[in-house]
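**Q** Let me give you the structure first, and then I'll get to my questions.
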Amino acid sequence: MDHDILHMRLTIWLTIATLCAVIVFAAFPFLDLRISSLFFNGQAGDWVGRSADFIFWRDVLRHGGEVFAVVTFLIFLGNILIGRTQHTGWRVWAFIWGNTLLCAGLLVNGILKTWLGRARPDGVIEFGGVQTFTPAFQLSNQCFKNCSFSSGEAALIASVVLPVCVLLWPQLSRSGKVFCTVIAAVLIIATAAMRMAAGRHFLSDTTMSILFAALTSLILYRVLAIGQHRQVFTVRPVVTDVRAILNYSRIYARRWLVMLVRKGVKTVIDLRAWAAKAKMWPSHRHSNVAVD
């Protein structure tokens with residue numbers, strides 16, 4: 001009951017925060033330009049977030065988030081494979097990669113970035129580009145592919161970090177919860193800041209992506225009944241499941257290898273037999289002609 005009340009309160013407050021953000025960015029679109037101008041060097045005509053250091057850490061976060069999401073998906077498949085011997089269950093892993101798929105994959109990259117058509121900061125007239133600035137949530141024809149609203153990378157990192165924090169929360173001490181909150185905030189804010197500093201996203205792009213990831217997490221938390229299953233998400237069950245999955249993978253890999261070798265050998269034998277028959281066809285035809 002306590003978890004249900006907490007979940008309901010979080011959902012209400014997060015929904016209110018999202019609506020407030022929508023109202024603020026829609027009513028005061030100049031905020032996006034004002035914040036982006038802090039990262040733009042007008043004299044050099046460049047963005048402060050395009051140095052080698054920024055690009056390196058941006059790639060570390062992005063690729064790290066992608067790899068982590070893929071790994072959780074593979075563990076999810078492995079847990080289904082090992083069946084009743086699993087210790088963590090498939091729900092906790094579906095919570096992580098499912099959140100990434102639904103928010104960063106489907107909502108942000110599949111719908112918003114494809115259809116809203118908002119120009120990126122480095123492309124608008126105010127920062128030396130040729131495209132027209134449009135407020136958030138407004139349909140535009142200034143971009144036709146991989147557009148500005150909303151941020152895919154902010155959604156990716158938030159979609160991975162938030163579910164992990166939710167799963168770890170019951171096992172953490174008070175200091176552990178503070179540490180987890182700080183690390184999550186640093187990762188998410190750093191990703192958003194680097195995307196804005198590079199001139200690739202406005203403040204509204206990154207803010208809304210983070211809020212979308214949080215809302216998706218709350219929805220999946222309820223759908224997958226994570227509150228009843230996250231207690232098993234500890235180091236020992238995770239390690240046990242990973243070892244079991246690796247053992248099963250080796251067994252299945254050997255079976256597939258043996259099957260492929262057998263099929264390969266059979267194919268070679270069939271090809272040799274066919275080649276031998278093909279060589280006999282001319283001589284057979286010649287003998288038939290001689291007899292005639």
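By order of appearance in the structure tokens: chains A, B, ..., then residues from 1 within every chain, and ligands from 1 in the order shown.
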Taking the chain letters and numbering used in this document, name the residues of range 33-265 of chain A that DSSP puts in strand (DSSP E), as a PyMOL selection string.
**A** chain A and resi 40-41+46-47
**Q** Export N, CA and C atoms of the chosen residues as a PDB file, in the first residue's frame?
**A**
```
ATOM      1  N   PHE A  40      27.332  29.920 -26.952  1.00  0.00           N
ATOM      2  CA  PHE A  40      27.729  30.304 -28.310  1.00  0.00           C
ATOM      3  C   PHE A  40      28.731  31.452 -28.271  1.00  0.00           C
ATOM      4  N   ASN A  41      29.843  31.256 -28.938  1.00  0.00           N
ATOM      5  CA  ASN A  41      30.867  32.292 -29.058  1.00  0.00           C
ATOM      6  C   ASN A  41      30.623  33.057 -30.350  1.00  0.00           C
ATOM      7  N   ASP A  46      31.352  29.802 -33.072  1.00  0.00           N
ATOM      8  CA  ASP A  46      31.403  28.381 -32.737  1.00  0.00           C
ATOM      9  C   ASP A  46      30.807  28.169 -31.352  1.00  0.00           C
ATOM     10  N   TRP A  47      30.642  26.890 -30.995  1.00  0.00           N
ATOM     11  CA  TRP A  47      30.040  26.509 -29.723  1.00  0.00           C
ATOM     12  C   TRP A  47      31.109  25.953 -28.801  1.00  0.00           C
TER      13      TRP A  47
END
```
**Q** Which residues are near Val124 in chain A? Cut-off 12 Å, only C-alpha atoms, ignore same chain within fewer than 2 positions. Put them as a PyMOL selection string.
**A** chain A and resi 32-33+36-37+118-122+126-135+142-143+148+199-202
**Q** May I have a table of the residues of range 38-150 of chain A lying at most 8 Å from range 215-220 of chain A, giving each one's closest pair of atoms and their distance in Å to one decimal, counting only C-alpha atoms, ordered by chain and ascending residue number, as CSV?
**A**
```
residue,atom,partner,partner_atom,distance
A:Phe95,CA,A:Leu220,CA,6.4
A:Gly98,CA,A:Leu220,CA,8.0
A:Asn99,CA,A:Ser217,CA,6.1
A:Leu102,CA,A:Thr216,CA,7.5
A:Cys103,CA,A:Thr216,CA,6.5
```
**Q** Identify, with DSSP run on backbone atoms, the residues in range 22-166 of chain A assigned to helix (DSSP H, G or I), and express the list as a ChimeraX atom specification.
**A** /A:22-27,30-37,48-50,52-85,90-115,121-123,125-127,152-166
**Q** Name the residues in contact with Pro170 in chain A at a cut-off of 12 Å, using only C-alpha atoms, excluding same-chain residues fewer than 2 positions from it; report them as a PyMOL selection string.
**A** chain A and resi 3+164-168+172-174+176-177+180+226-234
**Q** Sorted by chain and rising residue number, which residues of range 119-145 of chain A lie within 12 Å of range 5-23 of chain A, and what are their closest atom pairs and distances in Å to one decimal, counting only C-alpha atoms, as JSON lines?
**A**
```
{"residue": "A:Pro135", "atom": "CA", "partner": "A:Val22", "partner_atom": "CA", "distance": 10.7}
{"residue": "A:Ala136", "atom": "CA", "partner": "A:Val22", "partner_atom": "CA", "distance": 8.3}
{"residue": "A:Phe137", "atom": "CA", "partner": "A:Val22", "partner_atom": "CA", "distance": 8.2}
{"residue": "A:Gln138", "atom": "CA", "partner": "A:Val22", "partner_atom": "CA", "distance": 11.3}
```
**Q** Can I get the selected residues back with N, CA, C and O atoms, as a short mmCIF file (atom, residue, chain, number, x, y, z; two decimals), in the first residue's frame?
**A**
```
data_model
loop_
_atom_site.label_atom_id
_atom_site.label_comp_id
_atom_site.auth_asym_id
_atom_site.auth_seq_id
_atom_site.Cartn_x
_atom_site.Cartn_y
_atom_site.Cartn_z
N PRO A 135 9.34 27.66 -31.47
CA PRO A 135 9.22 27.23 -30.06
C PRO A 135 9.02 25.72 -29.97
O PRO A 135 8.68 25.05 -30.95
N ALA A 136 9.22 25.21 -28.77
CA ALA A 136 8.99 23.79 -28.52
C ALA A 136 7.52 23.45 -28.74
O ALA A 136 6.64 24.30 -28.57
N PHE A 137 7.26 22.21 -29.12
CA PHE A 137 5.91 21.65 -29.31
C PHE A 137 5.21 22.20 -30.56
O PHE A 137 4.05 21.85 -30.81
N GLN A 138 5.87 23.04 -31.32
CA GLN A 138 5.24 23.63 -32.50
C GLN A 138 5.71 22.92 -33.76
O GLN A 138 6.91 22.74 -33.98
#
```
**Q** Need to verify the contact set: range 238-251 of chain A, 8 Å, only C-alpha atoms, exclusion of same-chain residues closer than 5 positions in sequence. Can you return it as a list in words?
**A** Ile75, Gly78, Asn79, Leu81, Ile82, Gln86, His87, Thr88 and Phe233 of chain A
**Q** Pull N, CA, C and O atoms from the residues just selected and write them as an mmCIF file, in the first residue's frame.
**A**
```cif
data_model
loop_
_atom_site.group_PDB
_atom_site.id
_atom_site.type_symbol
_atom_site.label_atom_id
_atom_site.label_comp_id
_atom_site.auth_asym_id
_atom_site.auth_seq_id
_atom_site.Cartn_x
_atom_site.Cartn_y
_atom_site.Cartn_z
ATOM 1 N N ILE A 75 20.425 -10.011 -21.323
ATOM 2 C CA ILE A 75 20.175 -10.714 -20.065
ATOM 3 C C ILE A 75 18.695 -11.050 -19.931
ATOM 4 O O ILE A 75 18.324 -12.120 -19.417
ATOM 5 N N GLY A 78 18.204 -14.014 -21.937
ATOM 6 C CA GLY A 78 18.820 -15.145 -21.252
ATOM 7 C C GLY A 78 17.987 -15.641 -20.092
ATOM 8 O O GLY A 78 17.880 -16.859 -19.859
ATOM 9 N N ASN A 79 17.358 -14.735 -19.355
ATOM 10 C CA ASN A 79 16.496 -15.152 -18.245
ATOM 11 C C ASN A 79 15.283 -15.930 -18.730
ATOM 12 O O ASN A 79 14.822 -16.862 -18.070
ATOM 13 N N LEU A 81 15.389 -17.753 -21.342
ATOM 14 C CA LEU A 81 15.957 -19.022 -21.782
ATOM 15 C C LEU A 81 16.162 -19.988 -20.620
ATOM 16 O O LEU A 81 15.811 -21.175 -20.718
ATOM 17 N N ILE A 82 16.691 -19.512 -19.500
ATOM 18 C CA ILE A 82 16.979 -20.421 -18.385
ATOM 19 C C ILE A 82 15.733 -20.732 -17.560
ATOM 20 O O ILE A 82 15.758 -21.624 -16.716
ATOM 21 N N GLN A 86 16.115 -18.940 -12.997
ATOM 22 C CA GLN A 86 16.532 -17.545 -12.874
ATOM 23 C C GLN A 86 16.282 -17.031 -11.457
ATOM 24 O O GLN A 86 15.363 -17.478 -10.768
ATOM 25 N N HIS A 87 17.102 -16.086 -11.032
ATOM 26 C CA HIS A 87 16.996 -15.529 -9.693
ATOM 27 C C HIS A 87 16.472 -14.096 -9.683
ATOM 28 O O HIS A 87 15.849 -13.680 -8.713
ATOM 29 N N THR A 88 16.748 -13.333 -10.723
ATOM 30 C CA THR A 88 16.319 -11.936 -10.757
ATOM 31 C C THR A 88 14.974 -11.766 -11.458
ATOM 32 O O THR A 88 14.235 -10.829 -11.143
ATOM 33 N N PHE A 233 16.894 -7.665 -7.026
ATOM 34 C CA PHE A 233 17.928 -7.055 -7.859
ATOM 35 C C PHE A 233 19.126 -6.670 -6.997
ATOM 36 O O PHE A 233 19.366 -5.517 -6.681
#
```
**Q** With only C-alpha atoms as the basis for distance, which of A:Phe68, A:Trp93, A:Phe144, A:Phe76 is at the shortest distance from Leu156 in chain A?
**A**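 That would be A:Phe68, the residue with the smallest distance to Leu156 in chain A.
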**Q** Between CA of Ile96 in chain A and CA of Ile188 in chain A, what is the spacing in Å?
**A**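 Spanning CA of Ile188 in chain A to CA of Ile96 in chain A is a straight-line distance of 15.6 Å.
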**Q** Would you compute the distance between CA of Gly152 in chain A and CA of Gly105 in chain A? Give it in Å to one decimal.
**A** 8.0 Å
**Q** What does the structure give for the distance between CA of Thr114 in chain A and CA of Val48 in chain A, in Å to one decimal?
**A**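 Separation between CA of Thr114 in chain A and CA of Val48 in chain A: 27.0 Å.
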**Q** Near Phe54 in chain A, counting only C-alpha atoms, which residues have an atom at most 10 Å away, once you skip same-chain residues fewer than 4 positions from it, shown as a PyMOL selection string?
**A** chain A and resi 48-50+58-60+194-195+197-198
**Q** Which residue, A:Leu106, A:Ala94, A:Leu61, A:Leu77, has the smallest gap to Glu153 in chain A when you use only C-alpha atoms?
**A**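 Distance minimum relative to Glu153 in chain A lands on A:Leu61.
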**Q** Nearest to Ile35 in chain A among A:Ala193, A:Arg236, A:Ala253, A:Ala276, with distances taken over only C-alpha atoms: which residue is it?
**A** A:Ala193
